[in-house]
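Participant: What follows is the file run_12.txt, containing compact mmCIF, C-alpha atoms:
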```
# COMPACT_ATOMS: atom_id res chain seq x y z
CA MET M 729 -19.69 3.16 40.68
CA SER M 730 -21.95 3.40 37.62
CA THR M 731 -25.69 3.67 38.12
CA PRO M 732 -28.08 1.10 36.54
CA PHE M 733 -29.14 3.75 34.00
CA GLU M 734 -25.52 4.50 33.05
CA ASN M 735 -24.83 0.79 32.65
CA LEU M 736 -27.88 0.42 30.44
CA HIS M 737 -26.73 3.36 28.32
CA LEU M 738 -23.25 1.85 27.92
CA ARG M 739 -24.70 -1.52 26.99
CA GLY M 740 -26.84 0.16 24.33
CA ILE M 741 -23.79 1.89 22.85
CA ALA M 742 -21.83 -1.38 22.95
CA HIS M 743 -24.58 -3.22 21.07
CA ASP M 744 -24.81 -0.48 18.44
CA PHE M 745 -21.05 -0.50 18.02
CA ASN M 746 -21.14 -4.27 17.66
CA ASN M 747 -23.61 -3.90 14.78
CA ILE M 748 -21.23 -1.53 13.00
CA LEU M 749 -18.36 -3.95 13.54
CA GLY M 750 -20.43 -6.72 11.99
CA GLY M 751 -20.43 -4.84 8.69
CA ILE M 752 -16.70 -4.12 8.88
CA ILE M 753 -15.94 -7.77 9.58
CA GLY M 754 -18.18 -8.91 6.74
CA TYR M 755 -16.49 -6.67 4.16
CA ALA M 756 -13.03 -7.53 5.51
CA GLU M 757 -13.79 -11.24 5.10
CA MET M 758 -14.87 -10.64 1.49
CA LEU M 759 -11.65 -8.73 0.84
CA VAL M 760 -9.60 -11.60 2.25
CA GLU M 761 -11.42 -14.07 0.00
CA SER M 762 -11.04 -11.90 -3.11
CA THR M 763 -7.31 -11.15 -2.78
CA SER M 764 -4.53 -13.51 -3.79
CA GLU M 765 -2.53 -15.47 -1.24
CA GLY M 766 0.68 -13.70 -0.25
CA SER M 767 -0.29 -10.29 -1.66
CA LYS M 768 0.14 -7.16 0.43
CA TYR M 769 -3.56 -6.35 -0.01
CA ARG M 770 -4.51 -9.67 1.53
CA ARG M 771 -2.26 -8.87 4.49
CA TYR M 772 -3.90 -5.46 4.84
CA ALA M 773 -7.35 -7.07 4.77
CA LEU M 774 -6.30 -9.66 7.36
CA ASN M 775 -5.06 -6.87 9.65
CA VAL M 776 -8.40 -5.04 9.29
CA LEU M 777 -10.21 -8.28 10.12
CA SER M 778 -7.94 -8.92 13.09
CA GLY M 779 -8.49 -5.41 14.44
CA ALA M 780 -12.25 -5.63 14.01
CA ASN M 781 -12.38 -8.97 15.78
CA ARG M 782 -10.38 -7.51 18.66
CA ALA M 783 -12.82 -4.62 18.82
CA THR M 784 -15.66 -7.15 19.06
CA ASP M 785 -13.89 -8.79 21.99
CA LEU M 786 -13.56 -5.37 23.59
CA VAL M 787 -17.30 -4.79 23.24
CA GLU M 788 -17.88 -8.10 25.00
CA GLN M 789 -15.59 -6.91 27.79
CA ILE M 790 -17.63 -3.71 28.14
CA LEU M 791 -20.79 -5.78 28.41
CA PHE M 792 -19.15 -7.91 31.11
CA ASP M 793 -18.17 -4.77 33.02
CA THR M 794 -21.64 -3.26 32.88
CA ARG M 795 -23.09 -6.49 34.28
CA ASN M 796 -20.51 -6.38 37.08
CA GLU M 797 -19.20 -9.76 35.93
CA ARG M 798 -15.62 -10.90 35.86
CA ALA M 799 -14.12 -12.04 32.59
CA ILE M 800 -13.25 -15.73 32.48
CA ARG M 801 -9.53 -16.27 32.80
CA ARG M 802 -7.74 -18.89 30.80
CA PRO M 803 -4.17 -19.53 29.62
CA VAL M 804 -3.26 -17.04 26.87
CA GLU M 805 -0.22 -17.51 24.63
CA LEU M 806 1.89 -14.35 24.92
CA ASN M 807 3.81 -14.33 21.62
CA GLN M 808 0.66 -14.82 19.59
CA VAL M 809 -1.15 -11.80 21.08
CA VAL M 810 1.95 -9.58 21.00
CA ALA M 811 2.66 -10.40 17.35
CA GLU M 812 -0.94 -9.62 16.38
CA ALA M 813 -0.93 -6.30 18.22
CA PHE M 814 2.45 -5.40 16.72
CA GLU M 815 1.03 -5.73 13.20
CA LEU M 816 -1.72 -3.25 14.08
CA VAL M 817 0.83 -0.83 15.56
CA ARG M 818 2.89 -1.06 12.36
CA GLY M 819 -0.03 0.32 10.35
CA SER M 820 -0.24 3.48 12.49
CA CYS M 821 3.47 4.31 12.63
CA ALA M 822 5.25 7.07 10.74
CA ALA M 823 7.57 5.88 7.98
CA GLY M 824 10.61 7.10 9.94
CA ILE M 825 10.01 4.79 12.93
CA ASP M 826 12.06 1.58 12.93
CA LEU M 827 10.11 -1.29 14.46
CA GLU M 828 11.64 -4.36 16.02
CA LEU M 829 9.88 -7.37 17.47
CA LYS M 830 11.97 -10.00 19.19
CA SER M 831 11.45 -13.02 21.39
CA ARG M 832 13.74 -14.31 24.09
CA ALA M 833 11.20 -17.03 24.86
CA PRO M 834 12.04 -20.74 24.79
CA ALA M 835 10.88 -23.12 22.06
CA SER M 836 7.75 -23.96 24.05
CA PRO M 837 5.07 -21.22 24.15
CA LEU M 838 4.71 -18.85 27.10
CA PHE M 839 1.30 -18.50 28.73
CA VAL M 840 -0.27 -16.07 31.20
CA MET M 841 -3.54 -16.58 33.02
CA GLY M 842 -5.98 -13.91 31.87
CA ASP M 843 -7.83 -13.12 28.66
CA SER M 844 -6.46 -12.25 25.24
CA THR M 845 -8.46 -9.01 24.91
CA ALA M 846 -6.97 -7.50 28.07
CA LEU M 847 -3.46 -8.64 27.10
CA HIS M 848 -3.95 -7.10 23.68
CA ARG M 849 -4.97 -3.82 25.35
CA ILE M 850 -1.77 -3.83 27.42
CA VAL M 851 0.41 -4.18 24.32
CA MET M 852 -1.55 -1.67 22.23
CA ASN M 853 -1.61 1.00 24.95
CA LEU M 854 2.12 0.72 25.67
CA CYS M 855 3.04 0.74 21.98
CA THR M 856 0.68 3.61 21.13
CA ASN M 857 2.18 5.74 23.90
CA ALA M 858 5.67 4.87 22.65
CA VAL M 859 4.79 5.87 19.08
CA HIS M 860 3.44 9.22 20.30
CA ALA M 861 6.62 9.80 22.33
CA ILE M 862 8.84 9.04 19.33
CA GLY M 863 7.15 11.34 16.84
CA GLU M 864 8.24 11.11 13.21
CA ARG M 865 11.57 9.34 13.54
CA GLY M 866 13.04 6.88 16.03
CA ARG M 867 12.97 3.29 17.19
CA LEU M 868 10.39 1.07 18.91
CA CYS M 869 11.36 -2.37 20.18
CA VAL M 870 8.94 -4.89 21.68
CA SER M 871 10.29 -8.07 23.23
CA VAL M 872 9.01 -11.00 25.26
CA GLY M 873 10.84 -13.51 27.42
CA GLU M 874 11.01 -15.28 30.75
CA ALA M 875 11.87 -13.94 34.18
CA ASP M 876 12.50 -16.21 37.16
CA ILE M 877 12.50 -14.36 40.48
CA SER M 878 14.15 -16.14 43.41
CA ILE M 879 13.39 -13.61 46.17
CA ALA M 880 10.62 -11.03 46.63
CA ARG M 881 11.41 -8.01 44.50
CA ALA M 882 9.98 -4.50 44.44
CA PHE M 883 9.56 -2.64 41.16
CA ALA M 884 8.53 0.90 40.33
CA HIS M 885 4.89 -0.21 40.44
CA GLY M 886 4.28 -3.41 42.33
CA THR M 887 6.13 -6.13 44.24
CA LEU M 888 6.53 -9.70 43.03
CA ALA M 889 6.80 -12.84 45.12
CA PRO M 890 9.35 -15.49 44.10
CA GLY M 891 8.18 -17.46 41.10
CA ALA M 892 8.12 -17.83 37.32
CA TYR M 893 7.04 -14.85 35.25
CA VAL M 894 6.85 -13.70 31.65
CA LEU M 895 8.40 -10.37 30.74
CA LEU M 896 6.99 -7.99 28.14
CA GLN M 897 9.18 -4.98 27.35
CA VAL M 898 8.34 -1.95 25.23
CA GLU M 899 11.33 0.30 24.58
CA ASP M 900 11.30 3.55 22.62
CA SER M 901 13.80 6.24 21.65
CA GLY M 902 11.31 9.03 22.25
CA ARG M 903 11.52 12.21 24.27
CA GLY M 904 11.52 10.40 27.61
CA MET M 905 10.13 11.61 30.93
CA ASP M 906 11.48 13.56 33.86
CA ALA M 907 11.25 12.33 37.46
CA GLU M 908 8.09 14.30 38.24
CA THR M 909 6.23 12.89 35.22
CA LEU M 910 7.33 9.35 36.10
CA THR M 911 5.57 9.59 39.46
CA ARG M 912 2.23 10.42 37.79
CA ILE M 913 2.06 8.40 34.57
CA PHE M 914 -0.36 5.80 35.97
CA GLU M 915 -2.78 8.37 37.40
CA PRO M 916 -6.16 8.27 35.63
CA PHE M 917 -6.59 11.18 33.20
CA PHE M 918 -2.98 12.33 33.56
CA THR M 919 -1.43 12.97 30.16
CA THR M 920 1.40 14.99 28.65
CA LYS M 921 -0.17 14.88 25.18
CA GLU M 922 -1.80 17.82 23.46
CA ALA M 923 -5.51 18.39 23.96
CA GLY M 924 -7.54 15.96 21.89
CA LYS M 925 -4.69 13.47 21.46
CA GLY M 926 -5.05 11.44 24.61
CA THR M 927 -7.42 10.69 27.48
CA GLY M 928 -4.81 9.82 30.08
CA LEU M 929 -6.49 6.47 30.69
CA GLY M 930 -4.23 4.11 28.73
CA LEU M 931 -1.51 3.57 31.32
CA SER M 932 -3.92 3.49 34.26
CA LEU M 933 -5.79 0.75 32.40
CA VAL M 934 -2.54 -1.16 31.88
CA GLN M 935 -1.65 -0.90 35.56
CA GLY M 936 -5.12 -2.04 36.58
CA ILE M 937 -4.95 -5.18 34.46
CA VAL M 938 -1.38 -6.04 35.47
CA THR M 939 -2.13 -5.56 39.16
CA ASP M 940 -5.32 -7.62 38.92
CA TRP M 941 -3.35 -10.46 37.33
CA GLY M 942 -0.73 -10.43 40.10
CA GLY M 943 2.00 -8.73 38.06
CA ALA M 944 4.16 -5.62 38.33
CA ILE M 945 5.51 -2.86 36.09
CA ASP M 946 8.96 -1.32 36.03
CA VAL M 947 9.61 1.94 34.18
CA THR M 948 12.95 3.51 33.33
CA SER M 949 13.19 6.81 31.50
CA ALA M 950 15.18 9.99 31.22
CA HIS M 951 14.30 13.23 29.50
CA GLY M 952 15.55 13.04 25.90
CA ARG M 953 16.68 9.42 26.22
CA GLY M 954 13.54 7.39 25.66
CA SER M 955 11.62 5.04 27.95
CA THR M 956 11.38 1.33 28.72
CA PHE M 957 8.26 -0.27 30.20
CA SER M 958 8.81 -3.76 31.64
CA VAL M 959 5.65 -5.72 32.44
CA TYR M 960 5.95 -8.85 34.59
CA LEU M 961 3.06 -11.32 34.63
CA PRO M 962 2.86 -14.70 36.39
CA ARG M 963 3.66 -17.52 33.99
CA ALA M 964 0.89 -20.08 33.61
CA GLU M 965 0.77 -23.67 32.49
CA ALA M 966 -1.30 -24.22 29.36
CA HIS M 967 -4.20 -26.61 29.56
CA PRO M 968 -3.90 -29.53 27.13
CA ARG M 969 -5.06 -28.48 23.71
CA GLY M 970 -2.95 -30.83 21.62
CA LEU M 971 -2.28 -29.50 18.16
CA GLY M 972 -3.83 -26.12 19.01
CA VAL M 973 -0.91 -25.15 21.26
CA ALA M 974 1.69 -26.24 18.74
CA LEU M 975 -0.10 -24.39 15.93
CA ALA M 976 -0.47 -21.18 17.95
CA SER M 977 3.21 -21.28 18.88
CA ALA M 978 4.27 -21.92 15.30
CA LEU M 979 2.12 -19.07 13.97
CA ALA M 980 3.50 -16.70 16.60
CA ALA M 981 7.07 -17.69 15.75
CA ARG M 982 6.39 -17.05 12.07
CA ARG M 983 4.91 -13.64 12.86
CA PHE M 984 7.93 -12.69 14.94
CA ALA M 985 10.31 -13.83 12.21
CA GLY M 986 8.27 -12.04 9.54
CA SER M 987 8.14 -8.80 11.52
CA SER M 988 11.90 -8.84 12.11
CA GLU M 989 12.53 -9.51 8.43
CA LYS M 990 10.21 -6.66 7.37
CA ALA M 991 11.93 -4.28 9.77
CA ALA M 992 15.33 -5.22 8.36
CA LYS M 993 14.16 -4.66 4.77
CA LEU M 994 12.62 -1.29 5.65
CA ALA M 995 15.82 -0.20 7.38
CA ALA M 996 17.91 -1.25 4.37
CA ALA M 997 15.61 0.54 1.93
CA SER M 998 15.74 3.76 3.92
CA ASN M 999 19.52 3.74 4.29
CA PRO M 1000 21.06 6.27 1.86
CA ALA M 1001 24.16 4.10 1.56
CA ASN M 1002 22.05 1.46 -0.17
CA ALA M 1003 20.60 3.85 -2.73
```
Is it possible to give me this structure as C-alpha cells?

Facilitator:
Amino acid sequence: MSTPFENLHLRGIAHDFNNILGGIIGYAEMLVESTSEGSKYRRYALNVLSGANRATDLVEQILFDTRNERAIRRPVELNQVVAEAFELVRGSCAAGIDLELKSRAPASPLFVMGDSTALHRIVMNLCTNAVHAIGERGRLCVSVGEADISIARAFAHGTLAPGAYVLLQVEDSGRGMDAETLTRIFEPFFTTKEAGKGTGLGLSLVQGIVTDWGGAIDVTSAHGRGSTFSVYLPRAEAHPRGLGVALASALAARRFAGSSEKAAKLAAASNPANA
C-alpha cells in the first residue's frame, strides 16, 4: 500500500500532467475549428482531442486511487468506447497491419456497469499488445457482441454465473504464445517484450478491472498462430437518457461502419492485383 507521501507525490505529478494536457486539448480544439468538415486533417485533430480527453480521465482516475476512493460506476455503452479506442490504435499501427472492427451486437446498444476510462484502458491494452505481437504485417480484429450463459462456466481466468454478458474479443495473427507463457501473462511485470518496450502491467491491469466488474477472460493461443482474448462483462441496463442513448448508439454504429469501410479500402489499395 502506498504511503501518504507517495500518494501526495503521485497527486502532484497527476496535476502537473493535467496542466500539460490542458494545452494539448486547447490546441487540438483550435485545429478542429480551423479544418474543414470531412477532411482527413480534421479527423486527425479529433483523434488527438479524443486521446487527450481520455488522458484527462485517466488523471482523474489516478487522483481517485491516491485518495483511496472508488470510481463511480454507471452504465457505459460498449460500442462507443471500443470504436473510439480503435481509432487511436489505428494511428499507431504499421501500414502492413489489416484492421477490422465488427459488431455482433443487436440494434439496441450494449451497456456494462463501470466507467468509460477503465473500459477504454481494457481495449487499448489488449489492442496494443496485439499490435506488438503482430509486428509489421498481419491482421487485428476487434469485435463486440452478446453472450448469454445458462449454467456456471469456468474460463481460463475467472468463472461466470448464469446471466447476460457482453463479449469483447481481440484477435491477432501474431507470433502467439506457448503454454508456459499463457500461464504467466497476467502476472504483474511479466513481459515477453524487449527491454524498454513494455512494463508488464497492461494485462494485469486488464484482469484487475475485469475481475472487479464481475467478469472473466478467456485466452486461446498457439506459438506461431496468433492469439484471441475474449473478455466477458456483465451486461447492464442503461438508465433512461432519452435521445442521449439513441445518439450514442448511432454514433458508435457509424464509427464501426466507417472503420470497416476504411479497412476494406486499405486492403484493396495494398493488393497488387488492383494495381

Participant: Give me, as number ranges by chain, all polymer residues having an atom no more than 12 Å from Gly750 of chain M, counting all atoms listed in the file and skipping those fewer than 6 positions away in the same chain.

Facilitator: M: 743-744, 756-757, 777, 780-781, 783-784, 787

Participant: What is the distance, in Å and to one decimal place, between atom CA of Leu961 of chain M and atom CA of Ile800 of chain M?

Facilitator: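 A separation of 17.0 Å between them.
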
Participant: For a quick check of understanding, using only C-alpha atoms, which of M:Arg771, M:Arg903, M:His848, M:His951 has the smallest distance to Gln808 of chain M?

Facilitator: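 Comparing M:Arg771, M:Arg903, M:His848, M:His951 against Gln808 of chain M, the winner is M:His848.
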
Participant: Restricting the calculation to all atoms listed in the file, which member of M:Val938, M:Leu829, M:Val851, M:Ala811 is positioned closest to Asn775 of chain M?

Facilitator: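 When distances to Asn775 of chain M are compared using all atoms listed in the file, the smallest one comes from M:Ala811.
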
Participant: Quick one: pull the distance between atom CA of Ala846 of chain M and atom CA of Gly891 of chain M, Å, one decimal.

Facilitator: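 Interatomic distance, atom CA of Ala846 of chain M to atom CA of Gly891 of chain M: 22.3 Å.
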
Participant: What does the structure give for the distance between atom CA of Phe914 of chain M and atom CA of Gln935 of chain M, in Å to one decimal?

Facilitator: 6.8 Å

Participant: Counting all atoms listed in the file, what is within 12 Å of Glu965 of chain M, bar same-chain residues fewer than 5 positions away, as a list of chain:residue names?

Facilitator: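 Those residues are M:Arg802, M:Pro803, M:Val804, M:Glu805, M:Ser836, M:Pro837, M:Leu838, M:Phe839, M:Val840, M:Met841, M:Gly842, M:Ala892, M:Tyr893, M:Val894, M:Val973.
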
Participant: Smallest atom-to-atom distance to Arg953 of chain M: which of M:Asp900, M:Ser932, M:Ile850, M:Gly766, using all atoms listed in the file?

Facilitator: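 Of M:Asp900, M:Ser932, M:Ile850, M:Gly766, the one nearest Arg953 of chain M, counting all atoms listed in the file, is M:Asp900.
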
Participant: Which is closest to Asp843 of chain M among M:Ser955, M:Ser820, M:Leu895, M:Asp940, if we use only C-alpha atoms?

Facilitator: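 Using only C-alpha atoms, Asp843 of chain M sits closest to M:Asp940.
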
Participant: Complete segment 848-874 of chain M at the level of N, CA and C atoms, written as a compact mmCIF listing (two decimals), in the coordinates of the input.

Facilitator:
```
# COMPACT_ATOMS: atom_id res chain seq x y z
N HIS M 848 -4.08 -7.90 24.90
CA HIS M 848 -3.95 -7.10 23.68
C HIS M 848 -4.00 -5.61 24.01
N ARG M 849 -4.87 -5.23 24.95
CA ARG M 849 -4.97 -3.82 25.35
C ARG M 849 -3.69 -3.34 26.02
N ILE M 850 -3.05 -4.19 26.79
CA ILE M 850 -1.77 -3.83 27.42
C ILE M 850 -0.75 -3.48 26.34
N VAL M 851 -0.59 -4.38 25.37
CA VAL M 851 0.41 -4.18 24.32
C VAL M 851 0.09 -2.94 23.49
N MET M 852 -1.17 -2.79 23.08
CA MET M 852 -1.55 -1.67 22.23
C MET M 852 -1.37 -0.33 22.95
N ASN M 853 -1.75 -0.26 24.21
CA ASN M 853 -1.61 1.00 24.95
C ASN M 853 -0.15 1.38 25.13
N LEU M 854 0.70 0.43 25.49
CA LEU M 854 2.12 0.72 25.67
C LEU M 854 2.77 1.14 24.35
N CYS M 855 2.44 0.43 23.28
CA CYS M 855 3.04 0.74 21.98
C CYS M 855 2.53 2.07 21.43
N THR M 856 1.24 2.34 21.61
CA THR M 856 0.68 3.61 21.13
C THR M 856 1.32 4.79 21.85
N ASN M 857 1.50 4.67 23.15
CA ASN M 857 2.18 5.74 23.90
C ASN M 857 3.61 5.92 23.41
N ALA M 858 4.28 4.80 23.14
CA ALA M 858 5.67 4.87 22.65
C ALA M 858 5.73 5.58 21.30
N VAL M 859 4.81 5.24 20.40
CA VAL M 859 4.79 5.87 19.08
C VAL M 859 4.57 7.37 19.19
N HIS M 860 3.68 7.79 20.09
CA HIS M 860 3.44 9.22 20.30
C HIS M 860 4.68 9.91 20.86
N ALA M 861 5.41 9.22 21.73
CA ALA M 861 6.62 9.80 22.33
C ALA M 861 7.74 9.94 21.30
N ILE M 862 7.78 9.03 20.34
CA ILE M 862 8.84 9.04 19.33
C ILE M 862 8.64 10.16 18.33
N GLY M 863 7.41 10.33 17.86
CA GLY M 863 7.15 11.34 16.84
C GLY M 863 7.35 10.78 15.45
N GLU M 864 8.09 11.49 14.61
CA GLU M 864 8.24 11.11 13.21
C GLU M 864 9.40 10.16 12.95
N ARG M 865 10.39 10.16 13.81
CA ARG M 865 11.57 9.34 13.54
C ARG M 865 12.13 8.79 14.85
N GLY M 866 12.48 7.50 14.83
CA GLY M 866 13.04 6.88 16.03
C GLY M 866 12.92 5.37 15.97
N ARG M 867 12.95 4.75 17.13
CA ARG M 867 12.97 3.29 17.19
C ARG M 867 12.02 2.80 18.28
N LEU M 868 11.28 1.74 17.95
CA LEU M 868 10.39 1.07 18.91
C LEU M 868 10.72 -0.41 18.90
N CYS M 869 11.02 -0.95 20.06
CA CYS M 869 11.36 -2.37 20.18
C CYS M 869 10.43 -3.02 21.19
N VAL M 870 9.80 -4.11 20.79
CA VAL M 870 8.94 -4.89 21.68
C VAL M 870 9.54 -6.28 21.80
N SER M 871 9.70 -6.75 23.03
CA SER M 871 10.29 -8.07 23.23
C SER M 871 9.55 -8.82 24.32
N VAL M 872 9.61 -10.15 24.24
CA VAL M 872 9.01 -11.00 25.26
C VAL M 872 10.03 -12.05 25.69
N GLY M 873 9.92 -12.50 26.91
CA GLY M 873 10.84 -13.51 27.42
C GLY M 873 10.40 -14.02 28.77
N GLU M 874 11.28 -14.73 29.43
CA GLU M 874 11.01 -15.28 30.75
C GLU M 874 11.73 -14.48 31.82
```
